[in-house]
file input11.txt (compact mmCIF, C-alpha atoms)
# COMPACT_ATOMS: atom_id res chain seq x y z
CA MET A 1 -186.93 104.26 84.86
CA ILE A 2 -185.61 104.91 81.34
CA ARG A 3 -182.51 106.82 82.41
CA PRO A 4 -181.11 104.08 84.65
CA LEU A 5 -181.72 101.59 81.84
CA VAL A 6 -179.88 103.79 79.30
CA LEU A 7 -177.04 104.26 81.73
CA ALA A 8 -176.86 100.56 82.35
CA LEU A 9 -176.78 99.84 78.61
CA ALA A 10 -174.16 102.55 78.06
CA GLY A 11 -172.11 101.05 80.85
CA MET A 12 -172.33 97.62 79.31
CA LEU A 13 -171.30 99.02 75.92
CA LEU A 14 -168.35 100.90 77.38
CA ALA A 15 -167.31 97.78 79.24
CA THR A 16 -167.27 95.72 76.02
CA LEU A 17 -165.52 98.30 73.79
CA PRO A 18 -161.99 97.92 75.16
CA THR A 19 -162.37 94.15 75.03
CA ALA A 20 -163.47 94.28 71.38
CA ALA A 21 -160.64 96.65 70.49
CA ARG A 22 -158.13 94.45 72.28
CA ALA A 23 -159.47 91.37 70.46
CA GLN A 24 -158.93 93.09 67.11
CA ASP A 25 -155.43 94.18 68.16
CA VAL A 26 -154.63 90.64 69.17
CA ASP A 27 -155.89 89.25 65.84
CA VAL A 28 -153.85 91.71 63.78
CA ALA A 29 -150.81 91.08 65.95
CA LYS A 30 -151.32 87.37 65.52
CA MET A 31 -151.68 87.72 61.75
CA GLN A 32 -148.57 89.90 61.60
CA LYS A 33 -146.64 87.28 63.58
CA GLN A 34 -147.90 84.49 61.32
CA TYR A 35 -146.83 86.51 58.26
CA GLU A 36 -143.37 87.17 59.72
CA GLU A 37 -142.95 83.49 60.52
CA LYS A 38 -143.94 82.59 56.96
CA VAL A 39 -141.36 84.83 55.29
CA ALA A 40 -138.70 83.57 57.70
CA GLU A 41 -139.12 79.97 56.55
CA SER A 42 -136.09 78.54 54.78
CA TRP A 43 -137.85 77.74 51.48
CA PHE A 44 -138.67 81.47 51.24
CA THR A 45 -135.34 82.90 52.35
CA SER A 46 -133.09 80.49 50.44
CA ASN A 47 -134.79 80.63 47.04
CA GLY A 48 -134.64 84.35 46.35
CA PHE A 49 -138.34 84.99 46.90
CA THR A 50 -139.73 88.46 47.34
CA ASP A 51 -143.28 89.00 48.51
CA ASP A 52 -143.32 92.57 47.18
CA TYR A 53 -145.29 92.61 43.93
CA ALA A 54 -143.82 95.91 42.72
CA VAL A 55 -140.27 94.65 43.37
CA ALA A 56 -140.98 91.42 41.46
CA LYS A 57 -142.27 93.33 38.44
CA ALA A 58 -139.30 95.72 38.53
CA LYS A 59 -136.90 92.75 38.64
CA ALA A 60 -138.68 91.18 35.67
CA VAL A 61 -138.23 94.39 33.66
CA GLU A 62 -134.59 94.69 34.73
CA THR A 63 -133.61 91.06 34.01
CA GLY A 64 -136.00 90.22 31.16
CA LYS A 65 -137.00 87.08 33.08
CA PRO A 66 -140.60 86.04 33.70
CA ILE A 67 -141.97 85.85 37.23
CA PHE A 68 -142.61 82.55 38.98
CA ALA A 69 -145.57 83.45 41.19
CA TYR A 70 -146.48 81.27 44.15
CA PHE A 71 -149.61 82.32 46.02
CA SER A 72 -149.76 81.17 49.60
CA ARG A 73 -151.29 82.31 52.89
CA SER A 74 -150.04 82.92 56.39
CA TYR A 75 -153.31 82.97 58.37
CA ALA A 76 -153.75 79.21 58.18
CA PRO A 77 -151.42 76.24 57.74
CA MET B 1 -140.61 70.31 47.27
CA LEU B 2 -139.79 74.03 47.55
CA SER B 3 -136.97 73.01 49.90
CA THR B 4 -135.21 70.71 47.42
CA GLU B 5 -131.91 71.38 45.66
CA GLU B 6 -133.74 70.93 42.35
CA PHE B 7 -136.09 73.79 43.19
CA LYS B 8 -133.19 75.92 44.42
CA ALA B 9 -131.51 75.53 41.01
CA PHE B 10 -134.80 76.37 39.28
CA SER B 11 -135.19 79.49 41.40
CA THR B 12 -132.00 81.02 39.98
CA GLU B 13 -133.49 81.11 36.49
CA TYR B 14 -136.54 83.28 37.20
CA VAL B 15 -137.85 86.16 39.29
CA MET B 16 -139.26 84.47 42.37
CA PHE B 17 -142.39 86.04 43.80
CA CYS B 18 -144.40 84.66 46.67
CA HIS B 19 -147.66 86.41 47.37
CA ILE B 20 -148.91 85.85 50.88
CA THR B 21 -152.53 86.43 51.77
CA THR B 22 -152.35 87.52 55.39
CA ARG B 23 -155.81 88.93 56.21
CA ILE B 24 -154.03 91.91 57.77
CA PRO B 25 -156.40 94.85 57.14
CA GLY B 26 -155.16 97.47 54.68
CA ARG B 27 -152.12 95.50 53.52
CA ALA B 28 -151.02 96.32 49.95
CA ASP B 29 -152.00 93.81 47.24
CA GLU B 30 -153.84 91.65 49.76
CA ASP B 31 -156.36 90.71 47.05
CA LEU B 32 -153.80 89.84 44.38
CA LEU B 33 -154.78 86.15 44.35
CA GLN B 34 -158.28 87.00 43.14
CA LYS B 35 -156.98 89.59 40.68
CA LYS B 36 -154.78 86.94 39.07
CA GLY B 37 -157.59 84.42 38.81
CA GLY B 38 -156.73 82.27 41.82
CA THR B 39 -159.47 80.62 43.84
CA GLY B 40 -157.45 78.50 46.28
CA PHE B 41 -154.04 77.72 47.68
CA PRO B 42 -151.47 77.11 46.49
CA TYR B 43 -151.91 78.90 43.16
CA LEU B 44 -148.93 78.79 40.82
CA VAL B 45 -148.64 80.88 37.67
CA ALA B 46 -146.10 82.58 35.45
CA LEU B 47 -146.40 86.35 35.15
CA ASP B 48 -144.84 88.74 32.65
CA ALA B 49 -143.19 92.00 33.66
CA HIS B 50 -146.58 93.75 33.62
CA GLY B 51 -147.96 91.19 36.04
CA ASP B 52 -150.20 89.51 33.47
CA VAL B 53 -150.70 85.76 33.83
CA ILE B 54 -148.92 84.09 30.90
CA ALA B 55 -149.12 80.42 31.97
CA LYS B 56 -150.57 78.22 34.69
CA ALA B 57 -148.96 75.24 36.40
CA LYS B 58 -150.33 71.91 35.22
CA ASP B 59 -148.43 69.84 37.70
CA ARG B 60 -146.72 70.68 40.96
CA SER B 61 -143.22 69.47 40.26
CA VAL B 62 -140.07 71.34 39.28
CA ALA B 63 -140.42 69.86 35.77
CA GLY B 64 -144.02 71.12 35.70
CA PHE B 65 -142.93 74.59 36.90
CA ARG B 66 -140.22 74.71 34.25
CA ALA B 67 -142.71 73.70 31.53
CA MET B 68 -145.04 76.46 32.77
CA MET B 69 -142.29 79.11 32.67
CA GLU B 70 -141.12 78.01 29.21
CA SER B 71 -144.70 78.04 27.92
CA GLY B 72 -145.15 81.56 29.30
CA ALA B 73 -141.89 82.76 27.77
CA LYS B 74 -142.84 81.27 24.40
CA PHE B 75 -146.22 83.02 24.55
CA VAL B 76 -144.54 86.37 25.27
CA ALA B 77 -142.07 85.84 22.42
CA ILE B 78 -144.86 85.04 19.95
CA GLN B 79 -146.90 88.04 21.09
CA ALA B 80 -143.87 90.23 20.40
CA LYS B 81 -143.76 89.10 16.76
CA PRO B 82 -145.68 91.02 14.10
CA GLU B 83 -148.77 89.01 13.15
CA ALA B 84 -147.51 88.45 9.60
CA GLU B 85 -144.39 86.74 10.92
CA ARG B 86 -146.24 84.22 13.08
CA THR B 87 -146.03 80.66 11.84
CA LEU B 88 -148.89 78.17 11.89
CA ASP B 89 -147.20 76.53 14.86
CA ASP B 90 -147.16 79.93 16.66
CA ARG B 91 -150.87 80.44 15.93
CA VAL B 92 -151.79 76.97 17.18
CA PHE B 93 -149.70 77.56 20.31
CA VAL B 94 -151.49 80.85 21.04
CA PHE B 95 -154.87 79.19 20.34
CA LEU B 96 -154.14 76.42 22.86
CA HIS B 97 -152.71 78.95 25.32
CA ASP B 98 -155.82 81.14 25.12
CA ILE B 99 -158.04 78.14 25.82
CA GLU B 100 -155.87 77.19 28.80
CA MET B 101 -156.10 80.76 30.09
CA GLU B 102 -159.90 80.54 29.72
CA GLU B 103 -159.89 83.44 27.28
CA LEU B 104 -161.85 81.61 24.58
CA ASP B 105 -165.27 80.03 25.00
CA LEU B 106 -166.43 77.19 22.77
CA ALA B 107 -167.98 79.37 20.06
CA ALA B 108 -164.97 81.69 19.86
CA ALA B 109 -162.57 78.76 19.82
CA GLN B 110 -164.52 77.03 17.05
CA ALA B 111 -164.41 80.25 15.02
CA GLU B 112 -160.65 80.55 15.56
CA ALA B 113 -160.05 76.88 14.73
CA ALA B 114 -161.97 77.24 11.46
CA LYS B 115 -159.31 79.72 10.28
CA PHE B 116 -156.52 77.15 10.50
CA GLU B 117 -155.39 75.68 7.18
CA GLY B 118 -152.80 72.99 6.54
CA LEU B 119 -152.59 71.63 10.08
CA SER B 120 -150.32 68.63 10.59
CA PRO B 121 -152.00 65.52 12.04
CA GLU B 122 -150.41 66.35 15.41
CA GLN B 123 -151.61 69.97 15.33
CA LYS B 124 -155.10 68.85 14.28
CA ALA B 125 -155.22 66.40 17.18
CA GLN B 126 -154.21 69.20 19.59
CA VAL B 127 -156.83 71.61 18.22
CA ASP B 128 -159.58 68.97 18.16
CA GLY B 129 -158.66 67.86 21.68
CA ALA B 130 -158.86 71.42 22.98
CA LEU B 131 -162.23 71.98 21.29
CA LEU B 132 -163.54 68.72 22.73
CA GLY B 133 -162.41 69.80 26.19
CA LEU B 134 -164.32 73.08 25.83
CA GLU B 135 -167.39 71.23 24.58
CA ILE B 136 -167.28 68.92 27.60
CA GLU B 137 -166.94 71.90 29.95
CA SER B 138 -169.83 73.68 28.25
CA LEU B 139 -172.10 70.69 28.90
CA LEU B 140 -171.25 70.22 32.58
CA PRO B 141 -173.79 71.62 35.08
CA ARG B 142 -172.94 75.08 36.46
CA THR B 143 -175.71 75.50 38.99
CA ARG B 144 -175.76 75.41 42.78
CA ASP B 145 -179.26 73.94 42.70
CA ARG B 146 -178.55 70.28 43.50
CA GLU B 147 -181.67 68.88 41.85
CA GLU B 148 -181.11 70.90 38.70
CA ALA B 149 -177.43 69.91 38.70
CA LYS B 150 -178.45 66.24 38.86
CA ARG B 151 -180.85 66.69 35.97
CA LEU B 152 -178.28 68.54 33.86
CA ALA B 153 -175.62 65.93 34.67
CA LEU B 154 -177.88 63.23 33.21
CA VAL B 155 -178.40 65.35 30.08
CA ALA B 156 -174.61 65.79 29.82
CA GLY B 157 -174.05 62.08 30.47
CA LYS B 158 -176.40 61.18 27.63
CA ARG B 159 -174.60 63.58 25.29
CA PHE B 160 -171.19 62.29 26.37
CA SER B 161 -172.26 58.70 25.69
CA GLU B 162 -173.33 59.78 22.18
CA MET B 163 -170.02 61.59 21.62
CA TRP B 164 -168.17 58.48 22.78
CA ALA B 165 -170.20 56.31 20.37
CA GLU B 166 -169.16 58.72 17.59
CA GLY B 167 -165.51 58.08 18.51
CA ARG B 168 -165.01 61.40 20.34
CA GLU B 169 -163.46 61.04 23.77
CA PRO B 170 -161.04 63.21 25.76
CA LYS B 171 -157.41 62.17 26.14
CA ASP B 172 -156.43 64.45 29.02
CA GLU B 173 -157.05 63.57 32.67
CA ALA B 174 -158.80 66.87 33.38
CA HIS B 175 -161.58 65.99 30.95
CA ILE B 176 -161.55 62.18 31.16
CA GLN B 177 -162.71 62.50 34.77
CA PRO B 178 -165.95 64.49 34.32
CA PHE B 179 -166.71 62.93 30.93
CA PHE B 180 -166.89 59.39 32.27
CA ILE B 181 -168.07 60.12 35.81
CA VAL B 182 -171.14 61.90 34.50
CA MET B 183 -171.63 59.03 32.08
CA LEU B 184 -171.73 56.60 35.02
CA ASP B 185 -174.70 58.48 36.47
CA TYR B 186 -176.46 58.50 33.12
CA ALA B 187 -175.80 54.76 32.60
CA GLU B 188 -177.17 54.02 36.06
CA SER B 189 -180.29 56.10 35.42
CA GLU B 190 -180.84 54.15 32.21
CA LYS B 191 -180.06 50.85 33.97
CA ASP B 192 -177.40 50.34 31.30
CA ALA B 193 -174.89 48.07 33.02
CA ALA B 194 -172.82 47.62 29.86
CA LEU B 195 -172.28 51.37 29.42
CA PHE B 196 -171.57 51.77 33.14
CA GLU B 197 -168.96 49.00 32.99
CA LYS B 198 -167.25 50.43 29.89
CA ALA B 199 -167.14 53.96 31.32
CA LEU B 200 -165.81 52.64 34.62
CA ALA B 201 -163.09 50.71 32.79
CA LYS B 202 -162.01 53.96 31.11
CA LEU B 203 -161.75 55.71 34.47
CA GLU B 204 -159.84 52.80 35.97
CA ALA B 205 -157.39 52.80 33.06
CA THR B 206 -156.51 56.42 33.88
CA PHE B 207 -156.95 56.71 37.64
CA GLY B 208 -157.03 53.09 38.86
CA GLU B 209 -153.45 53.20 40.17
CA ASN B 210 -154.14 56.25 42.33
CA PRO B 211 -154.49 55.03 45.93
CA ARG B 212 -156.68 58.04 46.77
CA ALA B 213 -159.23 56.84 44.21
CA LYS B 214 -159.66 53.40 45.78
CA GLY B 215 -162.76 54.36 47.74
CA PHE B 216 -164.33 55.87 44.65
CA PHE B 217 -163.71 52.76 42.56
CA ASP B 218 -164.95 50.44 45.30
CA ALA B 219 -168.20 52.42 45.42
CA GLN B 220 -168.58 52.32 41.62
CA LYS B 221 -168.02 48.56 41.58
CA GLY B 222 -170.83 48.28 44.10
CA ARG B 223 -173.10 50.33 41.84
CA LEU B 224 -172.15 48.16 38.88
CA ALA B 225 -172.85 44.95 40.80
CA LYS B 226 -176.34 46.23 41.64
CA LEU B 227 -177.01 47.20 38.04
CA LYS B 228 -175.92 43.77 36.84
CA ALA B 229 -178.00 42.04 39.49
CA ALA B 230 -181.01 44.13 38.44
CA ASP B 231 -180.35 43.12 34.83
CA ASP B 232 -180.50 39.50 35.95
CA GLY B 233 -183.79 40.15 37.74
CA GLY B 234 -182.25 39.26 41.08
CA VAL B 235 -182.88 42.60 42.79
CA GLU B 236 -185.83 44.93 42.64
CA ASP B 237 -185.28 48.28 40.98
CA HIS B 238 -184.08 50.81 43.48
CA HIS B 239 -185.57 54.24 43.59
CA GLU B 240 -183.96 57.64 43.76
CA GLY B 241 -183.12 58.38 47.36
CA ASP B 242 -182.07 54.79 48.05
CA GLU B 243 -178.49 55.66 47.23
CA GLY B 244 -177.14 53.79 50.19
CA GLY B 245 -178.57 50.72 48.53
CA GLU B 246 -178.76 48.83 51.80
CA LYS B 247 -181.91 46.94 52.63
CA ASP B 248 -183.04 45.77 56.02
CA ASP B 249 -182.20 42.13 56.64
CA HIS B 250 -185.71 40.97 57.39
call {"tool": "encode", "arguments": {"input": "input11.txt", "output": "structure tokens"}}
result
Amino acid sequence: MIRPLVLALAGMLLATLPTAARAQDVDVAKMQKQYEEKVAESWFTSNGFTDDYAVAKAKAVETGKPIFAYFSRSYAP
Amino acid sequence: MLSTEEFKAFSTEYVMFCHITTRIPGRADEDLLQKKGGTGFPYLVALDAHGDVIAKAKDRSVAGFRAMMESGAKFVAIQAKPEAERTLDDRVFVFLHDIEMEELDLAAAQAEAAKFEGLSPEQKAQVDGALLGLEIESLLPRTRDREEAKRLALVAGKRFSEMWAEGREPKDEAHIQPFFIVMLDYAESEKDAALFEKALAKLEATFGENPRAKGFFDAQKGRLAKLKAADDGGVEDHHEGDEGGEKDDH
């Protein structure tokens, strides 16, 4: 009796794993797309923004100018 | 506003950095907002070349951004001076900056302020205003327990009403708001319609033109009308929990 139950549970688990993995893939892909859309917006591209922190600090050292830092998010409007 | 010509011109004067929280697992600097003291979006600050926060935006306009960047640059320039070369104006600027950056609590700020000698009336007003702001913040409730927060707010409201009677009141919007709002609650708890009305007038003088505050002011006028009616003996005292104030029309 136990073995069929274990097998059934294992089967259920195996059946859900690919779905869960796909869901995570979809979420990351969606987040990546949202991020790419954000940095493609005209306010970002036309005002000399970088979203690379190390690059911003290096530019500040090179130019002697302070950094205007705008913190935003791409996962929600 | 980031799409305006005015902002475009501003952007040529500084290093423009936009940090984007993406929630993509493992992404570099994903937690930078928290590391720089941000708690919500958007968060706007000036950073030096090391990435340290040197100023925070007080208002979201290009003029406000420019003031923030200039304040940050001035702070960096003063920090670069040997201590002996710093003027009184420099020291007051750094004092006010440190309070704004939340690097001084009330006790530390009072100790620093006590070292100042020969302040001009304008400098003294700035220092006193900053200390008053810290004192107000230190009295405001910091608990998630709603009942305890209510109790502490009444204690703060009582203290604020005493400070006001002594001629000490905040001049900046950030402190006018909690100072007088908490006082409203205290005045209501004491059934002091006169104090409630005076505190409400102070709030209206500062925020009355703001269309988003209309609902708030309408509600406070309702509270004031009830207090006045109770003063006149026209309405029975209401009890805690009757905040809706509506009675059945029997």
call {"tool": "interface_residues", "arguments": {"input": "input11.txt", "of": "chain A", "to": "chain B", "cutoff": "9 Å", "atoms": "all atoms listed in the file", "output": "short mmCIF file (atom, residue, chain, number, x, y, z; two decimals) with C-alpha atoms, in the coordinates of the input"}}
result
data_model
loop_
_atom_site.label_atom_id
_atom_site.label_comp_id
_atom_site.auth_asym_id
_atom_site.auth_seq_id
_atom_site.Cartn_x
_atom_site.Cartn_y
_atom_site.Cartn_z
CA ASP A 27 -155.89 89.25 65.84
CA VAL A 28 -153.85 91.71 63.78
CA ALA A 29 -150.81 91.08 65.95
CA MET A 31 -151.68 87.72 61.75
CA GLN A 32 -148.57 89.90 61.60
CA GLN A 34 -147.90 84.49 61.32
CA TYR A 35 -146.83 86.51 58.26
CA LYS A 38 -143.94 82.59 56.96
CA VAL A 39 -141.36 84.83 55.29
CA SER A 42 -136.09 78.54 54.78
CA TRP A 43 -137.85 77.74 51.48
CA PHE A 44 -138.67 81.47 51.24
CA SER A 46 -133.09 80.49 50.44
CA ASN A 47 -134.79 80.63 47.04
CA GLY A 48 -134.64 84.35 46.35
CA PHE A 49 -138.34 84.99 46.90
CA THR A 50 -139.73 88.46 47.34
CA ASP A 51 -143.28 89.00 48.51
CA ASP A 52 -143.32 92.57 47.18
CA TYR A 53 -145.29 92.61 43.93
CA VAL A 55 -140.27 94.65 43.37
CA ALA A 56 -140.98 91.42 41.46
CA LYS A 57 -142.27 93.33 38.44
CA ALA A 58 -139.30 95.72 38.53
CA LYS A 59 -136.90 92.75 38.64
CA ALA A 60 -138.68 91.18 35.67
CA VAL A 61 -138.23 94.39 33.66
CA THR A 63 -133.61 91.06 34.01
CA GLY A 64 -136.00 90.22 31.16
CA LYS A 65 -137.00 87.08 33.08
CA PRO A 66 -140.60 86.04 33.70
CA ILE A 67 -141.97 85.85 37.23
CA PHE A 68 -142.61 82.55 38.98
CA ALA A 69 -145.57 83.45 41.19
CA TYR A 70 -146.48 81.27 44.15
CA PHE A 71 -149.61 82.32 46.02
CA SER A 72 -149.76 81.17 49.60
CA ARG A 73 -151.29 82.31 52.89
CA SER A 74 -150.04 82.92 56.39
CA TYR A 75 -153.31 82.97 58.37
CA ALA A 76 -153.75 79.21 58.18
#
call {"tool": "atom_distance", "arguments": {"input": "input11.txt", "atom1": "atom CA of His175 of chain B", "atom2": "atom CA of Glu137 of chain B"}}
result
8.0 Å
call {"tool": "closest_residue", "arguments": {"input": "input11.txt", "among": "B:Leu104, B:Ala67, B:Val94, B:Leu200", "to": "Gln79 of chain B", "atoms": "all atoms listed in the file"}}
result
B:Val94
call {"tool": "atom_distance", "arguments": {"input": "input11.txt", "atom1": "atom CA of Ile181 of chain B", "atom2": "atom CA of Ala125 of chain B"}}
result
23.5 Å
call {"tool": "atom_distance", "arguments": {"input": "input11.txt", "atom1": "atom CA of Leu203 of chain B", "atom2": "atom CA of Glu102 of chain B"}}
result
25.3 Å
call {"tool": "residues_around", "arguments": {"input": "input11.txt", "residues": "Asp105 of chain B", "least_positions_apart": "5", "cutoff": "9 Å", "atoms": "only C-alpha atoms", "output": "list in words"}}
result
Ile99, Gln110, Leu134 and Ser138 of chain B
call {"tool": "residues_around", "arguments": {"input": "input11.txt", "residues": "Gly133 of chain B", "least_positions_apart": "5", "cutoff": "10 Å", "atoms": "all atoms listed in the file", "output": "list in words"}}
result
Ile99, Leu106, Val127, Asp128, Ser138, Glu169, Pro170, Lys171, Asp172, Ala174, His175, Ile176 and Phe179 of chain B
call {"tool": "residues_near_point", "arguments": {"input": "input11.txt", "point": "(-153.5, 77.9, 12.0)", "cutoff": "9 Å", "atoms": "all atoms listed in the file", "output": "list in words"}}
result
Thr87, Leu88, Asp89, Asp90, Arg91, Val92, Phe95, Glu112, Ala113, Ala114, Lys115, Phe116, Glu117, Gly118, Leu119 and Gln123 of chain B
call {"tool": "closest_residue", "arguments": {"input": "input11.txt", "among": "B:Asp232, B:Glu173, B:Glu147, B:Glu6", "to": "Ala63 of chain B", "atoms": "only C-alpha atoms"}}
result
B:Glu6
call {"tool": "axis_aligned_box", "arguments": {"input": "input11.txt", "around": "segment 46-60 of chain A", "padding_each_side": "4 Å", "output": "lines of an AutoDock Vina configuration file"}}
result
center_x = -139.2
center_y = 88.2
center_z = 43.1
size_x = 20.2
size_y = 23.4
size_z = 22.8
call {"tool": "decode", "arguments": {"input": "input11.txt", "residues": "segment 54-69 of chain A", "atoms": "N, CA and C atoms", "output": "short mmCIF file (atom, residue, chain, number, x, y, z; two decimals), in the first residue's frame"}}
result
data_model
loop_
_atom_site.label_atom_id
_atom_site.label_comp_id
_atom_site.auth_asym_id
_atom_site.auth_seq_id
_atom_site.Cartn_x
_atom_site.Cartn_y
_atom_site.Cartn_z
N ALA A 54 29.34 51.20 -10.87
CA ALA A 54 30.80 51.33 -10.96
C ALA A 54 31.17 52.37 -12.03
N VAL A 55 30.44 52.37 -13.13
CA VAL A 55 30.71 53.34 -14.21
C VAL A 55 30.42 54.75 -13.72
N ALA A 56 29.33 54.92 -12.98
CA ALA A 56 28.97 56.25 -12.46
C ALA A 56 30.07 56.77 -11.54
N LYS A 57 30.56 55.91 -10.65
CA LYS A 57 31.61 56.35 -9.72
C LYS A 57 32.90 56.69 -10.47
N ALA A 58 33.22 55.88 -11.47
CA ALA A 58 34.43 56.14 -12.26
C ALA A 58 34.32 57.48 -13.00
N LYS A 59 33.13 57.76 -13.53
CA LYS A 59 32.91 59.04 -14.22
C LYS A 59 33.05 60.21 -13.25
N ALA A 60 32.57 60.01 -12.03
CA ALA A 60 32.65 61.08 -11.02
C ALA A 60 34.11 61.37 -10.68
N VAL A 61 34.92 60.32 -10.59
CA VAL A 61 36.35 60.51 -10.32
C VAL A 61 36.99 61.24 -11.49
N GLU A 62 36.67 60.78 -12.69
CA GLU A 62 37.28 61.32 -13.91
C GLU A 62 36.92 62.79 -14.15
N THR A 63 35.66 63.15 -13.90
CA THR A 63 35.19 64.50 -14.22
C THR A 63 35.21 65.44 -13.02
N GLY A 64 35.30 64.89 -11.81
CA GLY A 64 35.23 65.73 -10.61
C GLY A 64 33.81 66.21 -10.32
N LYS A 65 32.82 65.65 -11.02
CA LYS A 65 31.43 66.06 -10.81
C LYS A 65 30.74 65.09 -9.84
N PRO A 66 29.83 65.61 -9.04
CA PRO A 66 29.05 64.68 -8.19
C PRO A 66 28.04 63.89 -9.02
N ILE A 67 27.50 62.87 -8.40
CA ILE A 67 26.56 61.97 -9.08
C ILE A 67 25.12 62.32 -8.70
N PHE A 68 24.30 62.55 -9.72
CA PHE A 68 22.86 62.67 -9.49
C PHE A 68 22.31 61.25 -9.54
N ALA A 69 21.80 60.76 -8.41
CA ALA A 69 21.35 59.36 -8.35
C ALA A 69 19.84 59.29 -8.23
#
